[in-house]
$ cat upload.txt   # compact mmCIF, C-alpha atoms and all ligand atoms
# COMPACT_ATOMS: atom_id res chain seq x y z
CA MET A 158 91.93 79.96 119.07
CA GLU A 159 90.10 82.96 117.60
CA MET A 160 86.49 82.56 116.45
CA HIS A 161 85.67 84.32 113.18
CA GLU A 162 81.99 83.94 112.41
CA ASN A 163 82.31 86.11 109.31
CA GLY A 164 85.89 85.38 108.37
CA ASN A 165 86.53 88.95 109.40
CA PRO A 166 87.64 89.44 113.00
CA LEU A 167 86.84 93.16 112.91
CA LEU A 168 83.27 92.59 111.79
CA ASP A 169 82.85 89.91 114.43
CA TYR A 170 84.19 92.25 117.07
CA PHE A 171 81.81 95.00 115.93
CA ILE A 172 78.72 92.80 115.82
CA ASN A 173 79.46 91.37 119.25
CA ASN A 174 80.58 94.63 120.82
CA ASN A 175 79.03 95.28 124.19
CA GLY A 176 81.66 97.74 125.34
CA LYS A 177 82.13 101.37 124.35
CA SER A 178 80.18 102.14 121.18
CA ILE A 179 81.66 102.00 117.69
CA TYR A 180 80.18 104.10 114.90
CA LYS A 181 80.87 102.74 111.39
CA TRP A 182 79.52 102.26 107.88
CA LEU A 183 79.16 98.51 107.60
CA HIS A 184 81.01 98.10 104.30
CA TYR A 185 84.19 99.56 105.87
CA PHE A 186 84.93 96.33 107.72
CA GLU A 187 85.83 94.40 104.60
CA ILE A 188 88.15 97.21 103.52
CA TYR A 189 89.81 97.47 106.94
CA HIS A 190 90.55 93.78 107.12
CA ARG A 191 91.69 93.56 103.51
CA CYS A 192 94.14 96.45 104.01
CA PHE A 193 95.26 95.93 107.61
CA GLU A 194 95.53 92.16 107.81
CA ARG A 195 99.20 92.01 106.81
CA TYR A 196 100.09 94.44 109.61
CA ARG A 197 98.24 92.49 112.29
CA ARG A 198 101.15 90.64 113.77
CA ARG A 199 103.77 93.28 113.10
CA PRO A 200 105.62 93.81 116.38
CA GLU A 201 105.51 97.30 117.86
CA LEU A 202 103.19 98.60 115.15
CA LYS A 203 102.35 102.27 115.62
CA PHE A 204 98.73 102.97 114.72
CA LEU A 205 97.11 106.39 115.00
CA GLU A 206 93.33 106.78 114.96
CA ILE A 207 92.06 110.30 114.42
CA GLY A 208 88.50 110.54 115.77
CA VAL A 209 88.06 108.55 118.95
CA LEU A 210 84.48 109.55 119.85
CA ASN A 211 83.31 107.06 122.51
CA GLY A 212 86.44 104.93 122.30
CA GLY A 213 84.92 101.71 121.03
CA SER A 214 86.89 101.67 117.79
CA THR A 215 90.17 102.39 119.59
CA HIS A 216 89.52 99.29 121.71
CA MET A 217 88.72 97.34 118.57
CA TRP A 218 92.10 98.23 117.04
CA ARG A 219 93.87 97.13 120.19
CA ASP A 220 92.07 93.80 120.03
CA TYR A 221 92.86 93.38 116.30
CA PHE A 222 96.56 94.20 116.21
CA SER A 223 99.35 92.44 118.08
CA LYS A 224 99.52 92.81 121.85
CA ASP A 225 102.54 95.08 121.71
CA ALA A 226 101.07 97.37 119.03
CA HIS A 227 101.02 100.99 120.07
CA ILE A 228 97.50 102.36 119.49
CA ILE A 229 97.32 106.14 119.70
CA GLY A 230 94.08 108.14 119.67
CA MET A 231 93.55 111.77 118.69
CA ASP A 232 90.38 113.88 118.96
CA ILE A 233 89.29 117.48 119.36
CA ASP A 234 87.00 116.55 122.24
CA PRO A 235 88.78 116.70 125.63
CA ALA A 236 86.31 114.09 126.96
CA CYS A 237 88.35 111.54 124.96
CA ARG A 238 91.10 111.83 127.58
CA GLU A 239 88.97 109.39 129.51
CA MET A 240 90.52 106.71 127.29
CA GLU A 241 93.87 107.23 129.02
CA LYS A 242 92.39 105.25 131.92
CA ASP A 243 92.27 102.27 129.58
CA GLY A 244 95.97 102.67 128.85
CA PHE A 245 95.75 104.51 125.54
CA GLU A 246 97.92 107.43 124.54
CA ILE A 247 95.45 110.21 123.69
CA TRP A 248 96.15 113.54 122.03
CA ILE A 249 93.61 116.36 122.17
CA GLY A 250 93.67 118.94 119.38
CA ASP A 251 92.34 120.07 116.04
CA GLN A 252 93.50 117.95 113.13
CA ALA A 253 93.33 121.01 110.85
CA ASN A 254 95.90 122.80 113.01
CA ARG A 255 99.44 122.39 111.68
CA GLU A 256 100.93 123.59 114.97
CA PHE A 257 99.18 120.77 116.75
CA TRP A 258 100.83 118.27 114.40
CA ALA A 259 104.21 119.95 114.87
CA GLY A 260 103.93 119.19 118.59
CA PHE A 261 102.74 115.65 117.91
CA LYS A 262 105.66 115.00 115.57
CA GLN A 263 108.15 116.06 118.18
CA LYS A 264 107.16 112.94 120.06
CA HIS A 265 106.24 110.66 117.16
CA THR A 266 108.71 110.78 114.32
CA THR A 267 107.19 107.75 112.61
CA LEU A 268 103.84 105.93 112.34
CA ASP A 269 102.95 102.71 110.51
CA ILE A 270 99.23 103.26 109.97
CA VAL A 271 97.15 106.42 110.13
CA LEU A 272 93.36 106.18 110.09
CA ASP A 273 91.59 109.50 109.64
CA ASP A 274 88.06 109.20 111.03
CA GLY A 275 87.92 112.72 112.40
CA GLY A 276 85.78 115.66 111.34
CA HIS A 277 85.88 114.81 107.59
CA THR A 278 86.00 118.39 106.24
CA MET A 279 88.27 119.08 103.27
CA GLU A 280 90.66 121.19 105.31
CA GLN A 281 90.89 118.55 108.05
CA GLN A 282 91.48 115.67 105.65
CA LEU A 283 94.03 117.51 103.50
CA THR A 284 96.01 119.06 106.35
CA THR A 285 96.19 115.76 108.18
CA PHE A 286 97.41 113.89 105.11
CA GLN A 287 100.02 116.55 104.30
CA GLU A 288 101.29 116.58 107.87
CA LEU A 289 101.36 112.84 108.51
CA PHE A 290 102.20 111.16 105.22
CA PRO A 291 105.84 112.30 105.47
CA ILE A 292 106.26 110.54 108.84
CA LEU A 293 104.67 107.27 107.73
CA SER A 294 107.19 104.46 107.78
CA ASP A 295 108.40 102.91 104.54
CA GLY A 296 105.65 100.39 103.76
CA GLY A 297 103.17 102.27 105.93
CA LEU A 298 99.50 102.85 105.18
CA TYR A 299 97.39 106.01 105.24
CA MET A 300 93.63 105.52 105.33
CA CYS A 301 91.15 108.36 105.09
CA GLU A 302 87.52 107.47 105.59
CA ASP A 303 84.20 109.15 104.82
CA THR A 304 85.73 110.63 101.68
CA HIS A 305 82.19 110.98 100.26
CA THR A 306 82.26 114.31 102.10
CA SER A 307 84.19 115.51 99.03
CA TYR A 308 80.75 115.75 97.43
CA VAL A 309 78.94 117.36 100.37
CA THR A 310 78.64 121.15 100.50
CA SER A 311 78.58 121.40 104.29
CA PHE A 312 82.04 119.76 104.38
CA ARG A 313 83.27 122.18 101.65
CA GLY A 314 82.84 119.46 99.04
CA GLY A 315 81.11 119.45 95.65
CA LEU A 316 81.29 117.31 92.51
CA LYS A 317 84.68 117.94 90.85
CA ARG A 318 85.10 120.99 93.06
CA GLU A 319 88.67 122.23 93.29
CA GLY A 320 90.23 121.75 96.71
CA THR A 321 88.37 118.61 97.78
CA PHE A 322 90.18 115.60 99.16
CA LEU A 323 89.06 113.41 96.27
CA GLU A 324 90.27 115.95 93.68
CA TYR A 325 93.62 115.90 95.49
CA VAL A 326 93.59 112.09 95.29
CA LYS A 327 92.91 112.24 91.55
CA ASN A 328 96.01 114.40 91.16
CA MET A 329 97.98 111.89 93.23
CA ILE A 330 97.52 109.41 90.41
CA ASP A 331 99.57 111.72 88.20
CA GLU A 332 102.22 112.09 90.92
CA LEU A 333 102.42 108.31 91.25
CA HIS A 334 103.25 108.24 87.53
CA ALA A 335 105.73 111.14 87.71
CA TRP A 336 108.37 109.06 85.89
CA TYR A 337 106.33 109.28 82.74
CA HIS A 338 105.75 113.02 82.53
CA LYS A 339 108.20 114.91 84.80
CA SER A 340 111.84 115.83 84.44
CA ASP A 341 114.49 114.14 86.61
CA GLU A 342 114.89 117.39 88.58
CA GLU A 343 111.15 117.66 89.23
CA ILE A 344 111.03 114.05 90.35
CA SER A 345 113.98 114.31 92.70
CA SER A 346 112.46 117.33 94.42
CA GLY A 347 108.91 115.93 94.58
CA TYR A 348 108.12 114.03 97.74
CA LEU A 349 104.96 112.26 96.59
CA ALA A 350 106.54 111.20 93.31
CA ASN A 351 109.15 109.28 95.28
CA TYR A 352 106.93 107.73 97.92
CA LEU A 353 103.46 107.07 96.46
CA TYR A 354 103.39 103.33 95.92
CA SER A 355 99.64 102.87 95.53
CA VAL A 356 96.40 104.78 95.83
CA GLN A 357 93.36 102.62 96.38
CA VAL A 358 89.94 104.20 96.10
CA PHE A 359 86.97 102.45 97.68
CA ASP A 360 83.47 103.76 98.29
CA SER A 361 84.17 106.50 100.85
CA ILE A 362 87.63 105.23 101.79
CA VAL A 363 90.99 106.07 100.25
CA VAL A 364 94.06 104.03 101.14
CA ILE A 365 97.50 105.33 100.26
CA GLU A 366 100.52 103.08 100.58
CA LYS A 367 103.91 104.64 101.10
CA ARG A 368 107.03 103.00 99.78
CA ARG A 369 110.33 104.46 98.60
CA LYS A 370 110.42 104.11 94.83
CA ALA A 371 113.24 103.92 92.35
CA GLN A 372 113.14 104.51 88.62
CA PRO A 373 111.13 101.69 87.05
CA PHE A 374 112.73 99.53 84.40
CA CYS A 375 111.64 96.59 82.31
CA VAL A 376 113.37 93.34 81.52
CA MET A 377 113.07 90.88 78.67
CA ILE A 378 113.87 87.28 79.56
CA GLY A 379 113.92 84.32 77.22
CA ASN A 380 115.92 82.21 74.91
CA ASP A 381 115.39 83.45 71.39
CA GLN A 382 117.20 85.54 68.81
CA ARG A 383 116.31 88.83 70.45
CA VAL A 384 117.59 87.94 73.90
CA GLY A 385 120.12 85.22 73.28
CA HIS A 386 120.24 83.05 76.33
CA GLY A 387 119.37 85.15 79.35
CA HIS A 388 117.84 88.55 79.84
CA VAL A 389 118.04 92.14 78.61
CA LEU A 390 117.62 95.05 80.96
CA MET A 391 115.97 98.06 79.35
CA THR A 392 116.35 101.31 81.25
CA ASN A 393 115.51 104.79 80.03
CA VAL A 394 112.71 103.42 77.96
CA ASN A 395 111.35 106.39 76.11
CA VAL A 396 107.89 106.63 77.57
CA ARG A 397 107.92 110.17 78.91
CA ALA A 398 105.12 112.47 77.89
CA GLU A 399 106.16 115.27 75.58
CA LYS A 400 105.77 118.81 76.87
C1 LIG B 1 82.98 109.79 113.26
S1 LIG B 1 83.51 110.17 114.87
C2 LIG B 1 84.72 108.94 115.21
C3 LIG B 1 84.09 107.59 115.34
C4 LIG B 1 84.99 106.53 115.93
N1 LIG B 1 86.25 106.40 115.25
C5 LIG B 1 84.24 105.23 115.85
O1 LIG B 1 84.54 104.45 114.90
O2 LIG B 1 83.37 104.98 116.68
C6 LIG B 1 84.40 111.62 114.59
C7 LIG B 1 85.23 112.13 115.74
O3 LIG B 1 86.08 113.14 115.21
C8 LIG B 1 86.22 114.16 116.14
N2 LIG B 1 86.58 115.41 115.46
C9 LIG B 1 85.76 116.29 114.84
N3 LIG B 1 86.45 117.32 114.37
C10 LIG B 1 87.75 117.10 114.69
C11 LIG B 1 88.94 117.85 114.50
N4 LIG B 1 88.95 119.02 113.86
N5 LIG B 1 90.10 117.33 114.98
C12 LIG B 1 90.11 116.14 115.62
N6 LIG B 1 89.00 115.41 115.85
C13 LIG B 1 87.83 115.89 115.39
C14 LIG B 1 84.87 114.23 116.87
O4 LIG B 1 85.03 114.79 118.15
C15 LIG B 1 84.47 112.76 116.89
O5 LIG B 1 84.82 112.16 118.10

$ encode --input "upload.txt" --output "structure tokens" --more "lines below"
Ligand SMILES: C[S@@+](CC[C@H](N)C(=O)[O-])C[C@H]1O[C@@H](n2cnc3c(N)ncnc32)[C@H](O)[C@@H]1O
Amino acid sequence: MEMHENGNPLLDYFINNNGKSIYKWLHYFEIYHRCFERYRRRPELKFLEIGVLNGGSTHMWRDYFSKDAHIIGMDIDPACREMEKDGFEIWIGDQANREFWAGFKQKHTTLDIVLDDGGHTMEQQLTTFQELFPILSDGGLYMCEDTHTSYVTSFRGGLKREGTFLEYVKNMIDELHAWYHKSDEEISSGYLANYLYSVQVFDSIVVIEKRRKAQPFCVMIGNDQRVGHGHVLMTNVNVRAEK
């Protein structure tokens, strides 16, 4: 039986960690557990952590997810290869390098969860999302942390500055609602419009859920004059923005 002093097994693990060090903002633990809990027992889950550092967090993920989960680590620092001794699959490279991801994707054609805790610059966060979101499984989760760097000049951030990860996320909200302002042709050719199921923004963490979407429709159900006895399906409801 597992002991959860805080009702959050990740926070318990962190507080009691006497193995390899883990480096985290404390409020992330609630967000992790809230978002990852439903994947915990998923058999053969494929989880990629970008930013291994000393390896403590990679061990924590292995402890948290099911025993047959596949936990993969990626870091620019070759010293992280050391983690292979503990049985982890480790990739060494620069997350801002698209060629690196091309090589990675030759081996991994799908992932269930990606956690970006790497270098946190705008280029790194954006390139990694653009490269990996397409290979997330249907129902998969993409988490990018330390997104406050979108406001920090040394990471190429700045309040409402064009090209930051958080400005990109703000635009994602429009893509998620593509049905209401784009043409059918634009929607069918737009990847994000078809796969962005939700975008959750927390303090310094963004979580993007991928799910294949179909055209939304609404239904009226009841037993009155308008409906008769049963339901009415209303497609093509005219709610598209005018251009
Ligand atoms: C914040 S630490 C990771 C902390 C770790 N996940 C933990 O919770 O203890 C960031 C890591 O990202 C790595 N990193 C920095 N720039 C990177 C890049 N361009 N590509 C891949 N990894 C990078 C660093 O070497 C470092 O190990």

$ closest_atom_pairs --input "upload.txt" --of "chain A" --to "ligand LIG 1 (chain B)" --cutoff "7 Å" --atoms "only C-alpha atoms and all ligand atoms" --output "CSV"
residue,atom,partner,partner_atom,distance
A:Ser178,CA,B:LIG1,O2,6.2
A:Ile179,CA,B:LIG1,O2,3.6
A:Tyr180,CA,B:LIG1,O2,3.8
A:Lys181,CA,B:LIG1,O1,5.4
A:Ile207,CA,B:LIG1,N6,6.1
A:Gly208,CA,B:LIG1,O3,3.6
A:Val209,CA,B:LIG1,N1,4.6
A:Leu210,CA,B:LIG1,O5,3.2
A:Asn211,CA,B:LIG1,O2,6.2
A:Gly212,CA,B:LIG1,O2,6.4
A:Gly213,CA,B:LIG1,O2,5.7
A:Ser214,CA,B:LIG1,O1,4.6
A:Met231,CA,B:LIG1,C12,6.4
A:Asp232,CA,B:LIG1,N6,3.7
A:Ile233,CA,B:LIG1,C12,4.1
A:Asp234,CA,B:LIG1,O4,4.9
A:Gly250,CA,B:LIG1,C12,5.9
A:Asp251,CA,B:LIG1,N5,3.7
A:Gln252,CA,B:LIG1,N5,3.9
A:Ala253,CA,B:LIG1,N4,5.7
A:Asp274,CA,B:LIG1,C2,5.4
A:Gly275,CA,B:LIG1,O3,3.4
A:Gly276,CA,B:LIG1,N3,3.5
A:Gln281,CA,B:LIG1,N4,6.1

$ residues_around --input "upload.txt" --residues "Glu399 (chain A)" --least-positions-apart "2" --cutoff "10 Å" --atoms "all atoms listed in the file" --output "list of chain:residue names"
A:Tyr337, A:His338, A:Lys339, A:Val396, A:Arg397

$ residues_around --input "upload.txt" --residues "region 299-310 of chain A" --least-positions-apart "4" --cutoff "7 Å" --atoms "all atoms listed in the file" --output "number ranges by chain"
A: 270-274, 277-279, 314-316, 321-323, 361-366

$ residues_around --input "upload.txt" --residues "region 258-261 of chain A" --least-positions-apart "5" --cutoff "12 Å" --atoms "all atoms listed in the file" --output "CSV table (one decimal) with C-alpha atoms, keeping the file's coordinate frame"
chain,number,residue,atom,x,y,z
A,205,LEU,CA,97.1,106.4,115.0
A,207,ILE,CA,92.1,110.3,114.4
A,229,ILE,CA,97.3,106.1,119.7
A,230,GLY,CA,94.1,108.1,119.7
A,231,MET,CA,93.6,111.8,118.7
A,246,GLU,CA,97.9,107.4,124.5
A,247,ILE,CA,95.4,110.2,123.7
A,248,TRP,CA,96.2,113.5,122.0
A,249,ILE,CA,93.6,116.4,122.2
A,250,GLY,CA,93.7,118.9,119.4
A,251,ASP,CA,92.3,120.1,116.0
A,252,GLN,CA,93.5,118.0,113.1
A,253,ALA,CA,93.3,121.0,110.8
A,266,THR,CA,108.7,110.8,114.3
A,267,THR,CA,107.2,107.8,112.6
A,268,LEU,CA,103.8,105.9,112.3
A,281,GLN,CA,90.9,118.6,108.0
A,284,THR,CA,96.0,119.1,106.4
A,285,THR,CA,96.2,115.8,108.2
A,286,PHE,CA,97.4,113.9,105.1
A,287,GLN,CA,100.0,116.6,104.3
A,288,GLU,CA,101.3,116.6,107.9
A,289,LEU,CA,101.4,112.8,108.5
A,290,PHE,CA,102.2,111.2,105.2
A,291,PRO,CA,105.8,112.3,105.5
A,292,ILE,CA,106.3,110.5,108.8

$ atom_distance --input "upload.txt" --atom1 "CA of Trp218 (chain A)" --atom2 "CA of Val326 (chain A)"
25.8 Å

$ atom_distance --input "upload.txt" --atom1 "CA of Gly297 (chain A)" --atom2 "CA of Arg199 (chain A)"
11.5 Å

$ closest_residue --input "upload.txt" --among "A:Ile344, A:Ile228, A:Met377, A:Val356" --to "Ile330 (chain A)" --atoms "all atoms listed in the file"
A:Val356

$ closest_atom_pairs --input "upload.txt" --of "region 208-262 of chain A" --to "region 192-197 of chain A" --cutoff "9 Å" --atoms "only C-alpha atoms" --output "Markdown table"
| residue | atom | partner | partner_atom | distance |
| --- | --- | --- | --- | --- |
| A:Tyr221 | CA | A:Arg197 | CA | 6.8 |
| A:Phe222 | CA | A:Arg197 | CA | 4.6 |
| A:Ser223 | CA | A:Arg197 | CA | 5.9 |
| A:Ala226 | CA | A:Arg197 | CA | 8.8 |

$ atom_distance --input "upload.txt" --atom1 "CA of Asn351 (chain A)" --atom2 "CA of His265 (chain A)"
22.1 Å

$ closest_residue --input "upload.txt" --among "A:His227, A:Ala398, A:Tyr189, A:Phe359" --to "Ser340 (chain A)" --atoms "only C-alpha atoms"
A:Ala398

$ residues_around --input "upload.txt" --residues "region 167-170 of chain A" --least-positions-apart "3" --cutoff "6 Å" --atoms "all atoms listed in the file" --output "MDAnalysis selection string"
chainID A and resid 173:174 186

$ write_last_selection --input "upload.txt" --atoms "C-alpha atoms" --output "PDB file, in the frame of the given file"
ATOM      1  CA  ASN A 173      79.460  91.370 119.250  1.00  0.00           C
ATOM      2  CA  ASN A 174      80.580  94.630 120.820  1.00  0.00           C
ATOM      3  CA  PHE A 186      84.930  96.330 107.720  1.00  0.00           C
TER       4      PHE A 186
END

$ closest_residue --input "upload.txt" --among "A:Arg368, A:His184, A:His216, A:Arg383" --to "Met240 (chain A)" --atoms "all atoms listed in the file"
A:His216

$ closest_residue --input "upload.txt" --among "A:Arg255, A:Asn165, A:His386, A:Lys370" --to "Tyr185 (chain A)" --atoms "all atoms listed in the file"
A:Asn165
